[in-house]
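> Sharing target.txt (compact mmCIF, C-alpha atoms) below.
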```
# COMPACT_ATOMS: atom_id res chain seq x y z
CA MET A 1 -30.67 2.70 -9.77
CA ALA A 2 -28.54 5.67 -10.88
CA SER A 3 -25.75 7.80 -9.44
CA PHE A 4 -27.52 11.06 -10.35
CA PRO A 5 -31.13 12.26 -10.48
CA ASP A 6 -33.01 12.37 -13.78
CA THR A 7 -32.53 16.13 -13.95
CA VAL A 8 -28.73 15.73 -14.12
CA ASN A 9 -26.88 14.46 -17.18
CA GLU A 10 -23.56 12.93 -16.13
CA LYS A 11 -22.00 14.04 -19.42
CA ASP A 12 -22.77 17.66 -18.55
CA LEU A 13 -20.92 17.53 -15.25
CA GLY A 14 -17.42 18.98 -15.04
CA GLN A 15 -14.43 16.67 -14.85
CA ALA A 16 -11.95 17.42 -12.09
CA LYS A 17 -8.41 17.75 -13.41
CA PHE A 18 -6.13 14.87 -12.38
CA ILE A 19 -2.69 16.19 -11.40
CA GLY A 20 -0.75 13.24 -10.01
CA GLU A 21 -0.50 10.13 -7.87
CA LEU A 22 1.73 8.49 -5.29
CA LEU A 23 2.01 4.75 -5.87
CA VAL A 24 3.13 1.98 -3.56
CA PRO A 25 5.80 -0.34 -4.98
CA THR A 26 4.69 -3.96 -5.16
CA ALA A 27 6.72 -6.15 -2.83
CA PRO A 28 7.21 -9.95 -3.02
CA PHE A 29 5.33 -10.40 0.25
CA ASP A 30 2.45 -8.23 -0.90
CA GLN A 31 -0.95 -9.39 0.32
CA LYS A 32 -4.50 -8.51 -0.54
CA SER A 33 -5.22 -7.17 2.94
CA GLY A 34 -3.22 -4.79 5.06
CA ARG A 35 -2.15 -2.46 2.25
CA GLU A 36 -5.05 0.01 2.36
CA ALA A 37 -4.50 3.77 2.56
CA TRP A 38 -7.03 4.33 5.33
CA SER A 39 -5.97 7.91 5.99
CA VAL A 40 -4.41 10.91 4.23
CA ALA A 41 -3.59 14.28 5.79
CA PHE A 42 -2.05 17.67 5.07
CA SER A 43 -0.12 19.49 7.79
CA PRO A 44 -1.73 22.73 9.07
CA ASN A 45 1.07 24.88 7.61
CA GLY A 46 0.95 23.12 4.25
CA SER A 47 4.52 21.89 4.43
CA TYR A 48 3.89 18.13 4.58
CA PHE A 49 1.59 15.47 3.20
CA ALA A 50 1.20 12.11 4.99
CA TRP A 51 -0.54 8.89 4.10
CA SER A 52 -0.77 5.35 5.41
CA GLN A 53 0.45 3.28 2.48
CA GLY A 54 -0.30 -0.08 4.08
CA HIS A 55 1.80 -2.78 5.78
CA ARG A 56 2.41 -0.54 8.83
CA ILE A 57 4.23 2.16 6.82
CA VAL A 58 3.46 5.90 6.86
CA ARG A 59 5.10 8.23 4.36
CA LEU A 60 5.81 11.88 5.16
CA ILE A 61 6.60 13.90 2.05
CA PRO A 62 7.19 17.66 1.66
CA TRP A 63 4.18 18.95 -0.25
CA THR A 64 6.28 21.16 -2.51
CA LYS A 65 8.19 18.06 -3.58
CA CYS A 66 4.92 16.37 -4.53
CA LEU A 67 3.79 19.32 -6.62
CA LYS A 68 7.09 19.56 -8.44
CA SER A 69 6.99 15.83 -9.16
CA PHE A 70 3.47 16.13 -10.56
CA SER A 71 4.52 19.05 -12.74
CA MET A 72 7.49 17.18 -14.20
CA ASN A 73 5.46 14.04 -14.84
CA HIS A 74 2.72 15.92 -16.65
CA GLY A 75 4.82 18.68 -18.17
CA ASP A 76 2.37 21.20 -16.78
CA GLU A 77 3.69 24.50 -15.47
CA GLU A 78 0.30 25.34 -13.98
CA THR A 79 0.58 22.59 -11.37
CA VAL A 80 3.50 24.32 -9.66
CA ALA A 81 1.39 27.46 -9.42
CA LEU A 82 -0.97 25.59 -7.12
CA ASN A 83 1.54 25.92 -4.29
CA PRO A 84 1.29 29.29 -2.49
CA TRP A 85 3.02 28.26 0.74
CA ASN A 86 6.34 29.50 2.04
CA LEU A 87 6.63 26.74 4.66
CA SER A 88 5.64 28.88 7.58
CA ARG A 89 3.20 28.42 10.41
CA HIS A 90 0.62 30.96 11.53
CA ASN A 91 -0.99 31.09 14.90
CA SER A 92 -4.76 31.34 15.29
CA ASP A 93 -4.99 35.12 15.11
CA ARG A 94 -2.59 35.31 12.14
CA SER A 95 -0.48 37.85 13.96
CA GLN A 96 2.74 35.89 14.00
CA THR A 97 4.62 33.84 11.43
CA ILE A 98 7.11 31.21 12.51
CA THR A 99 9.54 30.10 9.83
CA VAL A 100 10.37 26.42 9.58
CA ASP A 101 13.08 24.48 7.78
CA ASP A 102 13.46 25.68 4.20
CA ASP A 103 14.32 22.16 3.08
CA PRO A 104 11.94 19.74 4.85
CA ARG A 105 12.95 16.10 4.68
CA GLU A 106 11.00 13.08 3.56
CA HIS A 107 10.47 10.35 6.16
CA THR A 108 9.28 6.75 6.12
CA LEU A 109 7.79 5.71 9.47
CA ASP A 110 7.50 2.05 10.45
CA CYS A 111 4.66 2.06 12.97
CA GLY A 112 4.83 -1.65 13.83
CA ASP A 113 1.22 -2.44 12.90
CA ILE A 114 -1.45 -1.54 10.35
CA VAL A 115 -2.13 2.22 10.43
CA TRP A 116 -5.80 3.21 10.38
CA SER A 117 -5.63 6.90 11.17
CA LEU A 118 -3.39 9.97 10.90
CA ALA A 119 -3.54 13.49 12.28
CA PHE A 120 -1.18 16.46 12.26
CA GLY A 121 -0.92 18.60 15.37
CA SER A 122 0.71 22.01 15.68
CA SER A 123 2.02 23.33 18.98
CA VAL A 124 1.42 26.96 18.13
CA PRO A 125 -0.13 28.17 21.39
CA GLU A 126 -3.45 30.00 21.40
CA LYS A 127 -4.01 29.69 25.10
CA GLU A 128 -2.04 28.43 28.07
CA SER A 129 -1.61 24.70 28.41
CA ARG A 130 -3.97 22.93 30.79
CA CYS A 131 -0.89 21.53 32.56
CA VAL A 132 -0.35 23.05 36.02
CA ASN A 133 3.35 22.23 36.25
CA ILE A 134 5.24 21.86 32.99
CA GLU A 135 8.75 21.83 34.44
CA TRP A 136 9.02 18.10 35.06
CA HIS A 137 7.59 16.98 31.72
CA HIS A 138 9.82 14.92 29.47
CA PHE A 139 8.76 16.82 26.34
CA LYS A 140 8.61 20.59 26.09
CA PHE A 141 6.96 21.38 22.79
CA GLY A 142 8.14 24.65 21.35
CA GLN A 143 6.50 26.93 18.84
CA ASN A 144 8.31 25.25 15.97
CA HIS A 145 6.94 21.80 16.71
CA LEU A 146 4.84 19.81 14.24
CA LEU A 147 3.58 16.39 15.30
CA LEU A 148 2.01 13.43 13.54
CA ALA A 149 -0.22 11.02 15.43
CA THR A 150 -0.76 7.51 14.04
CA GLY A 151 -3.55 5.20 15.21
CA LEU A 152 -2.81 1.49 14.95
CA ASN A 153 -4.58 -1.81 14.58
CA ASN A 154 -3.45 -2.95 18.05
CA GLY A 155 -5.05 0.05 19.81
CA ARG A 156 -1.85 2.03 20.26
CA ILE A 157 -1.21 5.63 19.25
CA LYS A 158 2.27 6.74 18.28
CA ILE A 159 3.33 10.39 18.22
CA TRP A 160 6.12 11.43 15.83
CA ASP A 161 8.21 14.56 15.29
CA VAL A 162 7.46 15.46 11.68
CA TYR A 163 10.71 17.33 11.03
CA THR A 164 13.01 14.62 12.40
CA GLY A 165 10.90 11.48 11.98
CA LYS A 166 11.59 10.46 15.60
CA LEU A 167 9.09 8.67 17.82
CA LEU A 168 8.16 10.85 20.81
CA LEU A 169 5.30 9.12 22.61
CA ASN A 170 3.56 5.77 22.65
CA LEU A 171 0.00 5.98 24.01
CA MET A 172 -1.57 2.74 25.17
CA ASP A 173 -5.10 2.50 26.53
CA HIS A 174 -7.47 1.52 23.71
CA THR A 175 -8.29 -2.18 23.47
CA ASP A 176 -9.15 -2.24 19.75
CA VAL A 177 -8.40 -0.48 16.45
CA VAL A 178 -7.85 3.30 16.68
CA ARG A 179 -10.05 4.27 13.74
CA ASP A 180 -9.64 8.03 13.79
CA LEU A 181 -7.54 10.82 15.33
CA THR A 182 -8.09 14.57 15.51
CA PHE A 183 -6.19 17.42 17.18
CA ALA A 184 -7.84 20.48 18.69
CA PRO A 185 -7.26 23.37 16.26
CA ASP A 186 -6.35 25.81 19.05
CA GLY A 187 -2.73 24.65 19.33
CA SER A 188 -3.27 23.09 22.77
CA LEU A 189 -2.09 19.66 21.48
CA MET A 190 -5.21 18.02 22.87
CA LEU A 191 -5.75 14.84 20.86
CA VAL A 192 -8.96 12.83 20.55
CA SER A 193 -8.91 9.20 19.44
CA ALA A 194 -11.92 7.20 18.20
CA SER A 195 -11.79 3.44 18.51
CA ARG A 196 -13.61 0.23 17.80
CA ASP A 197 -13.65 -0.32 21.57
CA LYS A 198 -16.73 1.99 21.54
CA SER A 199 -14.96 4.90 23.22
CA LEU A 200 -13.29 8.24 22.55
CA ARG A 201 -10.25 9.21 24.56
CA VAL A 202 -8.84 12.69 25.14
CA TRP A 203 -5.06 13.00 25.47
CA ASP A 204 -2.97 16.00 26.54
CA LEU A 205 0.33 15.76 24.65
CA LYS A 206 1.77 18.72 26.55
CA ASP A 207 1.38 16.61 29.67
CA ASP A 208 3.43 13.67 28.38
CA GLY A 209 0.39 12.24 26.63
CA ASN A 210 -1.68 11.98 29.80
CA MET A 211 -5.19 10.69 29.14
CA VAL A 212 -7.56 13.39 30.34
CA LYS A 213 -10.97 11.83 29.78
CA VAL A 214 -12.83 8.86 28.30
CA LEU A 215 -16.02 9.77 26.42
CA ARG A 216 -18.57 6.96 26.43
CA GLY A 217 -21.97 6.85 24.79
CA HIS A 218 -21.52 4.98 21.53
CA GLN A 219 -22.98 1.49 21.63
CA ASN A 220 -20.72 0.18 18.88
CA TRP A 221 -17.57 1.06 16.91
CA VAL A 222 -16.63 4.74 16.66
CA TYR A 223 -15.52 5.57 13.12
CA SER A 224 -14.69 9.26 13.05
CA SER A 225 -14.48 12.47 15.09
CA ALA A 226 -13.91 16.15 14.38
CA PHE A 227 -13.37 19.35 16.37
CA SER A 228 -15.22 22.56 15.68
CA PRO A 229 -12.86 25.38 14.63
CA ASP A 230 -12.93 26.94 18.10
CA SER A 231 -12.24 23.53 19.72
CA SER A 232 -15.32 23.83 21.94
CA ILE A 233 -17.38 21.06 20.31
CA LEU A 234 -16.45 17.56 19.23
CA CYS A 235 -18.53 15.57 16.76
CA SER A 236 -18.27 11.77 16.75
CA VAL A 237 -19.95 9.18 14.53
CA GLY A 238 -19.87 5.42 14.33
CA ALA A 239 -21.72 2.16 13.76
CA GLY A 240 -25.10 3.68 14.48
CA LYS A 241 -27.46 6.23 12.98
CA ALA A 242 -26.84 9.03 15.48
CA VAL A 243 -24.37 11.92 15.30
CA PHE A 244 -22.92 12.76 18.74
CA LEU A 245 -21.98 16.30 19.81
CA TRP A 246 -19.77 16.78 22.89
CA ASN A 247 -18.95 19.83 25.00
CA MET A 248 -15.15 19.74 25.20
CA ASP A 249 -14.92 22.17 28.09
CA LYS A 250 -17.04 19.96 30.35
CA TYR A 251 -16.54 16.65 28.48
CA THR A 252 -20.28 16.05 28.42
CA LEU A 253 -22.70 15.00 25.69
CA ILE A 254 -24.62 17.96 24.29
CA GLN A 255 -27.06 16.13 22.03
CA LYS A 256 -27.52 13.51 19.33
CA LEU A 257 -28.51 14.45 15.80
CA GLU A 258 -30.97 12.03 14.18
CA GLY A 259 -31.47 11.79 10.42
CA HIS A 260 -29.28 9.08 8.94
CA HIS A 261 -30.64 5.58 8.24
CA ASN A 262 -27.40 3.60 8.51
CA ASP A 263 -23.91 3.75 10.02
CA VAL A 264 -22.35 7.23 9.94
CA VAL A 265 -18.69 6.93 8.93
CA SER A 266 -17.27 10.42 8.46
CA CYS A 267 -17.81 13.95 9.78
CA GLU A 268 -16.30 17.41 9.43
CA PHE A 269 -17.16 20.98 10.43
CA SER A 270 -17.11 23.89 8.01
CA PRO A 271 -14.16 26.27 8.50
CA ASP A 272 -16.34 28.88 10.20
CA GLY A 273 -18.04 26.35 12.47
CA ALA A 274 -21.53 27.14 11.18
CA LEU A 275 -22.13 23.80 9.46
CA LEU A 276 -21.46 20.12 10.03
CA ALA A 277 -21.23 17.54 7.22
CA THR A 278 -21.72 13.83 7.93
CA ALA A 279 -21.43 10.86 5.54
CA SER A 280 -23.28 7.57 5.91
CA TYR A 281 -23.67 4.16 4.39
CA ASP A 282 -27.27 5.22 3.71
CA THR A 283 -25.89 6.83 0.48
CA ARG A 284 -26.23 10.41 1.74
CA VAL A 285 -24.15 13.30 2.98
CA ILE A 286 -26.13 15.52 5.33
CA VAL A 287 -25.24 19.15 6.01
CA TRP A 288 -26.49 20.18 9.45
CA ASP A 289 -27.12 23.33 11.41
CA HIS A 290 -25.78 21.53 14.48
CA HIS A 291 -26.56 24.44 16.81
CA ASN A 292 -30.27 23.90 16.21
CA ALA A 293 -30.20 20.18 15.28
CA THR A 294 -31.73 20.76 11.86
CA ILE A 295 -30.93 19.32 8.43
CA LEU A 296 -30.11 22.04 5.90
CA LEU A 297 -29.12 19.97 2.89
CA GLU A 298 -29.06 16.33 1.77
CA LEU A 299 -26.58 15.28 -0.91
CA GLY A 300 -27.75 12.01 -2.47
CA HIS A 301 -25.55 9.43 -4.20
CA LEU A 302 -28.23 6.97 -5.31
CA PHE A 303 -31.45 7.67 -7.24
CA PRO A 304 -34.17 7.03 -6.55
CA PRO A 305 -32.99 7.17 -2.92
CA PRO A 306 -33.45 3.94 -0.98
CA SER A 307 -36.15 3.80 1.65
CA PRO A 308 -34.87 3.73 5.24
CA ILE A 309 -35.40 -0.01 5.53
CA PHE A 310 -33.17 -0.65 2.49
CA ALA A 311 -30.63 2.12 3.11
CA GLY A 312 -28.07 -0.33 4.44
CA GLY A 313 -28.30 -2.84 1.62
CA ALA A 314 -25.66 -3.78 -0.96
CA ASN A 315 -26.33 -0.63 -2.95
CA ASP A 316 -22.70 0.04 -4.08
CA ARG A 317 -23.20 3.71 -3.16
CA TRP A 318 -21.89 3.65 0.41
CA VAL A 319 -20.30 7.01 1.16
CA ARG A 320 -16.84 6.39 2.60
CA SER A 321 -15.57 9.88 3.35
CA VAL A 322 -16.54 13.54 3.32
CA SER A 323 -14.35 16.65 3.49
CA PHE A 324 -15.07 20.39 3.71
CA SER A 325 -12.98 22.71 1.56
CA PRO A 326 -11.19 25.53 3.42
CA ASP A 327 -13.32 28.04 1.50
CA GLY A 328 -16.40 26.63 3.24
CA ARG A 329 -18.38 26.52 -0.02
CA HIS A 330 -17.35 23.11 -1.34
CA ILE A 331 -17.59 19.50 -0.14
CA ALA A 332 -15.94 16.37 -1.52
CA SER A 333 -17.32 12.86 -1.06
CA ILE A 334 -16.04 9.38 -1.95
CA THR A 335 -18.38 6.47 -2.63
CA ASP A 336 -18.24 2.84 -3.69
CA ASP A 337 -19.60 3.64 -7.17
CA ARG A 338 -16.04 4.62 -8.24
CA LEU A 339 -16.73 8.34 -8.20
CA ILE A 340 -15.48 11.34 -6.30
CA ARG A 341 -18.04 14.12 -6.23
CA PHE A 342 -17.22 17.80 -5.76
CA TRP A 343 -20.25 19.64 -4.42
CA SER A 344 -21.09 23.29 -4.07
CA ILE A 345 -23.28 23.65 -1.00
CA GLU A 346 -25.48 25.95 -3.02
CA GLU A 347 -26.56 23.05 -5.25
CA LYS A 348 -27.95 19.56 -4.75
CA ALA A 349 -26.11 18.20 -7.80
CA PRO A 350 -22.32 17.77 -8.02
CA GLN A 351 -20.30 20.58 -9.51
CA ALA A 352 -17.71 18.12 -10.87
CA ILE A 353 -16.76 14.45 -10.65
CA ALA A 354 -13.62 12.33 -10.87
CA PHE A 355 -13.23 8.60 -11.37
CA LEU A 356 -11.52 6.53 -8.68
CA SER A 357 -11.76 2.82 -7.94
CA ASN A 358 -11.76 1.57 -4.36
CA GLY A 359 -11.52 5.01 -2.74
CA LEU A 360 -11.45 5.09 1.06
CA CYS A 361 -10.64 8.59 2.30
CA CYS A 362 -10.11 12.16 1.12
CA SER A 363 -8.75 15.47 2.35
CA PHE A 364 -8.36 18.97 0.93
CA SER A 365 -5.00 20.69 0.88
CA THR A 366 -4.50 23.62 3.23
CA ASP A 367 -5.44 26.17 0.57
CA GLY A 368 -8.28 24.04 -0.81
CA LYS A 369 -6.88 23.82 -4.33
CA VAL A 370 -6.07 20.10 -4.30
CA LEU A 371 -7.98 17.03 -3.12
CA ALA A 372 -6.07 13.90 -2.07
CA ALA A 373 -7.79 10.50 -2.01
CA GLY A 374 -6.47 7.22 -0.61
CA THR A 375 -7.39 3.80 -2.03
CA ARG A 376 -7.43 0.14 -1.06
CA ASP A 377 -4.17 -0.56 -2.88
CA GLY A 378 -2.27 1.96 -0.74
CA SER A 379 -1.89 4.61 -3.45
CA VAL A 380 -2.98 8.24 -3.32
CA HIS A 381 -4.45 10.25 -6.19
CA PHE A 382 -4.69 14.03 -6.50
CA TRP A 383 -7.11 16.32 -8.33
CA GLU A 384 -7.25 20.04 -8.83
CA CYS A 385 -10.45 21.24 -7.18
CA PRO A 386 -13.09 23.02 -9.26
CA ARG A 387 -13.29 26.76 -8.83
CA SER A 388 -16.34 28.97 -8.77
CA ILE A 389 -17.26 32.60 -8.28
CA ALA A 390 -18.74 33.43 -4.90
CA SER A 391 -22.48 33.97 -5.04
CA LEU A 392 -24.27 37.06 -3.79
CA GLN A 393 -25.53 35.04 -0.83
CA HIS A 394 -21.97 34.11 0.07
CA VAL A 395 -20.87 37.73 -0.08
CA CYS A 396 -23.79 38.67 2.18
CA ARG A 397 -22.82 35.91 4.56
CA MET A 398 -19.26 37.24 4.71
CA ALA A 399 -20.56 40.68 5.68
CA LEU A 400 -22.91 39.23 8.28
CA ARG A 401 -20.28 37.02 9.86
CA ARG A 402 -17.92 39.97 10.33
CA ILE A 403 -20.18 41.31 13.04
CA MET A 404 -22.06 38.25 14.33
CA THR A 405 -20.94 34.80 15.39
CA THR A 406 -23.05 31.71 14.76
CA GLN A 407 -23.94 31.57 18.46
CA GLN A 408 -25.05 35.20 18.42
CA MET A 409 -27.26 34.52 15.42
CA GLY A 410 -28.81 31.60 17.30
CA LYS A 411 -29.46 33.70 20.42
CA ARG A 412 -30.99 36.44 18.36
CA ASP A 413 -33.29 33.92 16.75
CA THR A 414 -34.64 32.59 20.03
CA HIS A 415 -37.08 35.52 20.06
CA THR A 416 -38.41 34.68 16.60
CA THR A 417 -40.64 31.90 15.43
CA ARG A 418 -39.23 28.55 14.35
CA ALA A 419 -40.34 29.24 10.78
CA THR A 420 -38.47 32.53 10.70
CA HIS A 421 -35.43 30.83 12.17
CA SER A 422 -35.50 28.16 9.46
CA ARG A 423 -35.68 30.78 6.72
CA LEU A 424 -32.79 32.73 8.21
CA TRP A 425 -30.50 29.72 8.33
CA LYS A 426 -31.44 28.46 4.90
CA ARG A 427 -30.61 31.87 3.56
CA TYR A 428 -27.34 32.43 5.39
CA ALA A 429 -26.01 29.23 6.97
CA LEU A 430 -25.46 27.48 3.66
CA PHE A 431 -22.96 30.08 2.54
CA PRO A 432 -20.03 30.02 4.99
CA MET A 433 -17.69 32.94 5.13
CA ASP A 434 -14.26 33.17 3.63
CA PRO A 435 -11.50 31.86 5.98
CA SER A 436 -9.79 35.27 5.89
CA VAL A 437 -12.51 36.73 8.10
CA ARG A 438 -12.93 33.80 10.49
CA SER A 439 -10.74 35.31 13.20
CA LYS A 440 -12.95 38.39 13.37
CA THR A 441 -16.00 36.37 14.42
CA ARG A 442 -14.68 34.84 17.61
```
Is it possible to express this structure as C-alpha cells?

Amino acid sequence: MASFPDTVNEKDLGQAKFIGELLVPTAPFDQKSGREAWSVAFSPNGSYFAWSQGHRIVRLIPWTKCLKSFSMNHGDEETVALNPWNLSRHNSDRSQTITVDDDPREHTLDCGDIVWSLAFGSSVPEKESRCVNIEWHHFKFGQNHLLLATGLNNGRIKIWDVYTGKLLLNLMDHTDVVRDLTFAPDGSLMLVSASRDKSLRVWDLKDDGNMVKVLRGHQNWVYSSAFSPDSSILCSVGAGKAVFLWNMDKYTLIQKLEGHHNDVVSCEFSPDGALLATASYDTRVIVWDHHNATILLELGHLFPPPSPIFAGGANDRWVRSVSFSPDGRHIASITDDRLIRFWSIEEKAPQAIAFLSNGLCCSFSTDGKVLAAGTRDGSVHFWECPRSIASLQHVCRMALRRIMTTQQMGKRDTHTTRATHSRLWKRYALFPMDPSVRSKTR
C-alpha cells in the first residue's frame, strides 16, 4: 500500500513551507487524553486565531501577533508580508468597513470541560434578524461584535465575546459531545451545532440563544456541518456513509449524497457555493456537484484504493479533515499517514505535501495564504500555502460566474441531456471563481 499512485513520485512533490507553531506547555498533571486540539479557527475579519489546546482551555490570539512571532523565530521578513489585514470587518456586499480595536488582546478561556469544536461568528447584518421583538433581549449585538462559540464534552455550548473574553451565553440542550459548530455566513448569528446525540440544533443568538429547530435524520453520531456561502443550504456528515443536505429556510432535508464507503467526518463548501468537499475514513476526499448529486473528483490517499468492503479497515490513511482555500482552487486534507496534502482541484495528485504527526484538523487563514493544523498533543502548526497561476479554465469560469449563478446554470441545463450536463460541469464547476467576484453572482 502506498500514499501516492505509481505515476507520482513523492520526491517530485513540492514541500509546503513551515512558518511556525504554537506549543502547549507541559503541566505536572498532564495526561495522555484530554489535551487534543480538536478544532482551530480564524475569525472572519482575520484579526484572531483560536484553538482548543486541550484540558478545557481555548486560546484566542491576535493573528498579527502570531505572524510577528513566527517571523522573529525564523528570522524571515517574508513571513510578515503574509499579513494583509488591517483588522477591519466587511459586510457581505463589501460596501462598508467597520474598524475594530487597533490593539486586540490575547485571551485564555477556561470552558469548564474538554472543547471539541470552535466557530467564529460575526454580527455584521446582511438581512434583518428573524427576531420579531428585539427590545427585551438581554444581548443586543452591534455591528462591532465578534463572537466565539465553543462546543463541549458535556453537551453545552458557550458563547464568548472575542474582544473582551467574557462569557455571554450558555446553551444547554444537547445530551452528548458537541462535535462541531458553524455560523451562518450572512451575519444573522444563526448557529448550528452537530452532536454525538445524533442531532443538529439551530440556535438564534440574536434571540438570546433561543433554539429554533432540531434537525433529525442521522442514525448515529454527527461529526461535522457546514453552511453554503449564501446560508441557504447546510451540509452535515457523521458516522455513516451518506452526506446530508438541508434546506435552511424550511429546515427540511433536501437529499442524501451517496458515494463514500465509510464514516464521513468533515465537509466544506467552496467559496462560491458551486462545490462541496467531503472527507471520509474510506481514505478519500470527494468533490461534489451537490446541486445535481454527482461526483466530480475523487482525491485518493491510499493506493491501490481499498475495495468498499475493506475501506473501513486499519489502513492508516483515514482522512481526518478537509478545508477549501478561499481562492476556491485549492483543498487541504489531513490523514493518519502523517501527511498534509495540498491539492489543486485541477489535478488528482497533490500539489504539495507537509509532514505532521497525529494531525486532527485544519483551516485556511482568511486570505488563504496560511494553513493551520491542530494535533493530538494540543499544539498547532502553520504552513505557507502553495501558490499557482490560475488556469485558462479558471479564468473562463470567473467570466461565466459574473453573469450566471450556479442555480441558473443548473436550470439552464435541465433542457439539455444528462451527458451534456456532465460535460458542462466537468468543464466549469471544477474551477471556482475568485472570491472578489462572488458578490456579483447572488
> So which one's closest to Lys348 of chain A, A:Leu299, A:Val319, A:Ile57, A:Ala50? Using only C-alpha atoms, please.
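Among the listed residues, the smallest separation from Lys348 of chain A belongs to A:Leu299.
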> Could you check the closest approach to Arg329 of chain A for each of A:Arg387, A:Arg284, A:Lys241, A:His261 and tell me which residue wins, using only C-alpha atoms?
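Checking each of A:Arg387, A:Arg284, A:Lys241, A:His261 against Arg329 of chain A, counting only C-alpha atoms, the winner is A:Arg387.
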> Contacts of Ala352 of chain A at 6 Å or less, counting all atoms listed in the file, minus same-chain residues fewer than 5 places along, as a PDB file with C-alpha atoms, in the frame of the given file?

```
ATOM      1  CA  LEU A  13     -20.920  17.530 -15.250  1.00  0.00           C
ATOM      2  CA  GLY A  14     -17.420  18.980 -15.040  1.00  0.00           C
ATOM      3  CA  GLN A  15     -14.430  16.670 -14.850  1.00  0.00           C
ATOM      4  CA  ALA A  16     -11.950  17.420 -12.090  1.00  0.00           C
ATOM      5  CA  PHE A 342     -17.220  17.800  -5.760  1.00  0.00           C
TER       6      PHE A 342
END
```
> Rank A:Thr335, A:Ser391, A:Asn358, A:Thr164 by their smallest atom-to-atom distance to Ala37 of chain A, using all atoms listed in the file, and report the top residue only.
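Residue with the minimum atom-to-atom distance to Ala37 of chain A: A:Asn358.
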> List as a PyMOL selection string the protein and nucleic acid residues near Ile286 of chain A, meaning an atom at most 8 Å away when only C-alpha atoms are counted, but skip any in the same chain fewer than 3 places from it.
chain A and resi 277-279+295-299
> Could you name the residues that touch segment 197-202 of chain A at 7 Å or less, counting only C-alpha atoms, but leaving out those on the same chain fewer than 6 positions away, as a VMD selection string?
chain A and resid 174 to 176 190 to 191 211 to 216 218 to 222
> How many Å separate atom CA of Asp263 of chain A from atom CA of Ser325 of chain A?
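Taking atom CA of Asp263 of chain A and atom CA of Ser325 of chain A, their separation equals 23.5 Å.
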> Choose the residue, out of A:Pro5, A:Gly151, A:Pro44, A:Gly259, that has the smallest atom-to-atom separation from Thr294 of chain A; count only C-alpha atoms.
A:Gly259
> Using Å and a single decimal, report how far atom CA of Ala311 of chain A sits from atom CA of Gly273 of chain A.
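According to the coordinates, atom CA of Gly273 of chain A and atom CA of Ala311 of chain A are separated by 28.9 Å.
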> Could you work out how far atom CA of Ile334 of chain A lies from atom CA of Ser232 of chain A, giving the answer in Å with one decimal?
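So the answer is 27.9 Å.
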> Excluding His55 of chain A and its own-chain neighbours fewer than 4 positions away, which residues fall within 6 Å of it when counting all atoms listed in the file? Please give them as a count of residues only.
3
> What's the 12 Å shell around Phe244 of chain A, counting all atoms listed in the file, without same-chain residues fewer than 4 positions away, as a VMD selection string?
chain A and resid 200 215 to 219 222 to 227 233 to 240 252 to 259 264 266 to 267 276 278 290 293
> Kindly indicate which residue among A:Ser71, A:Asn9, A:Ser193, A:Ser47 lies nearest to Leu118 of chain A, using all atoms listed in the file for the distances.
A:Ser193
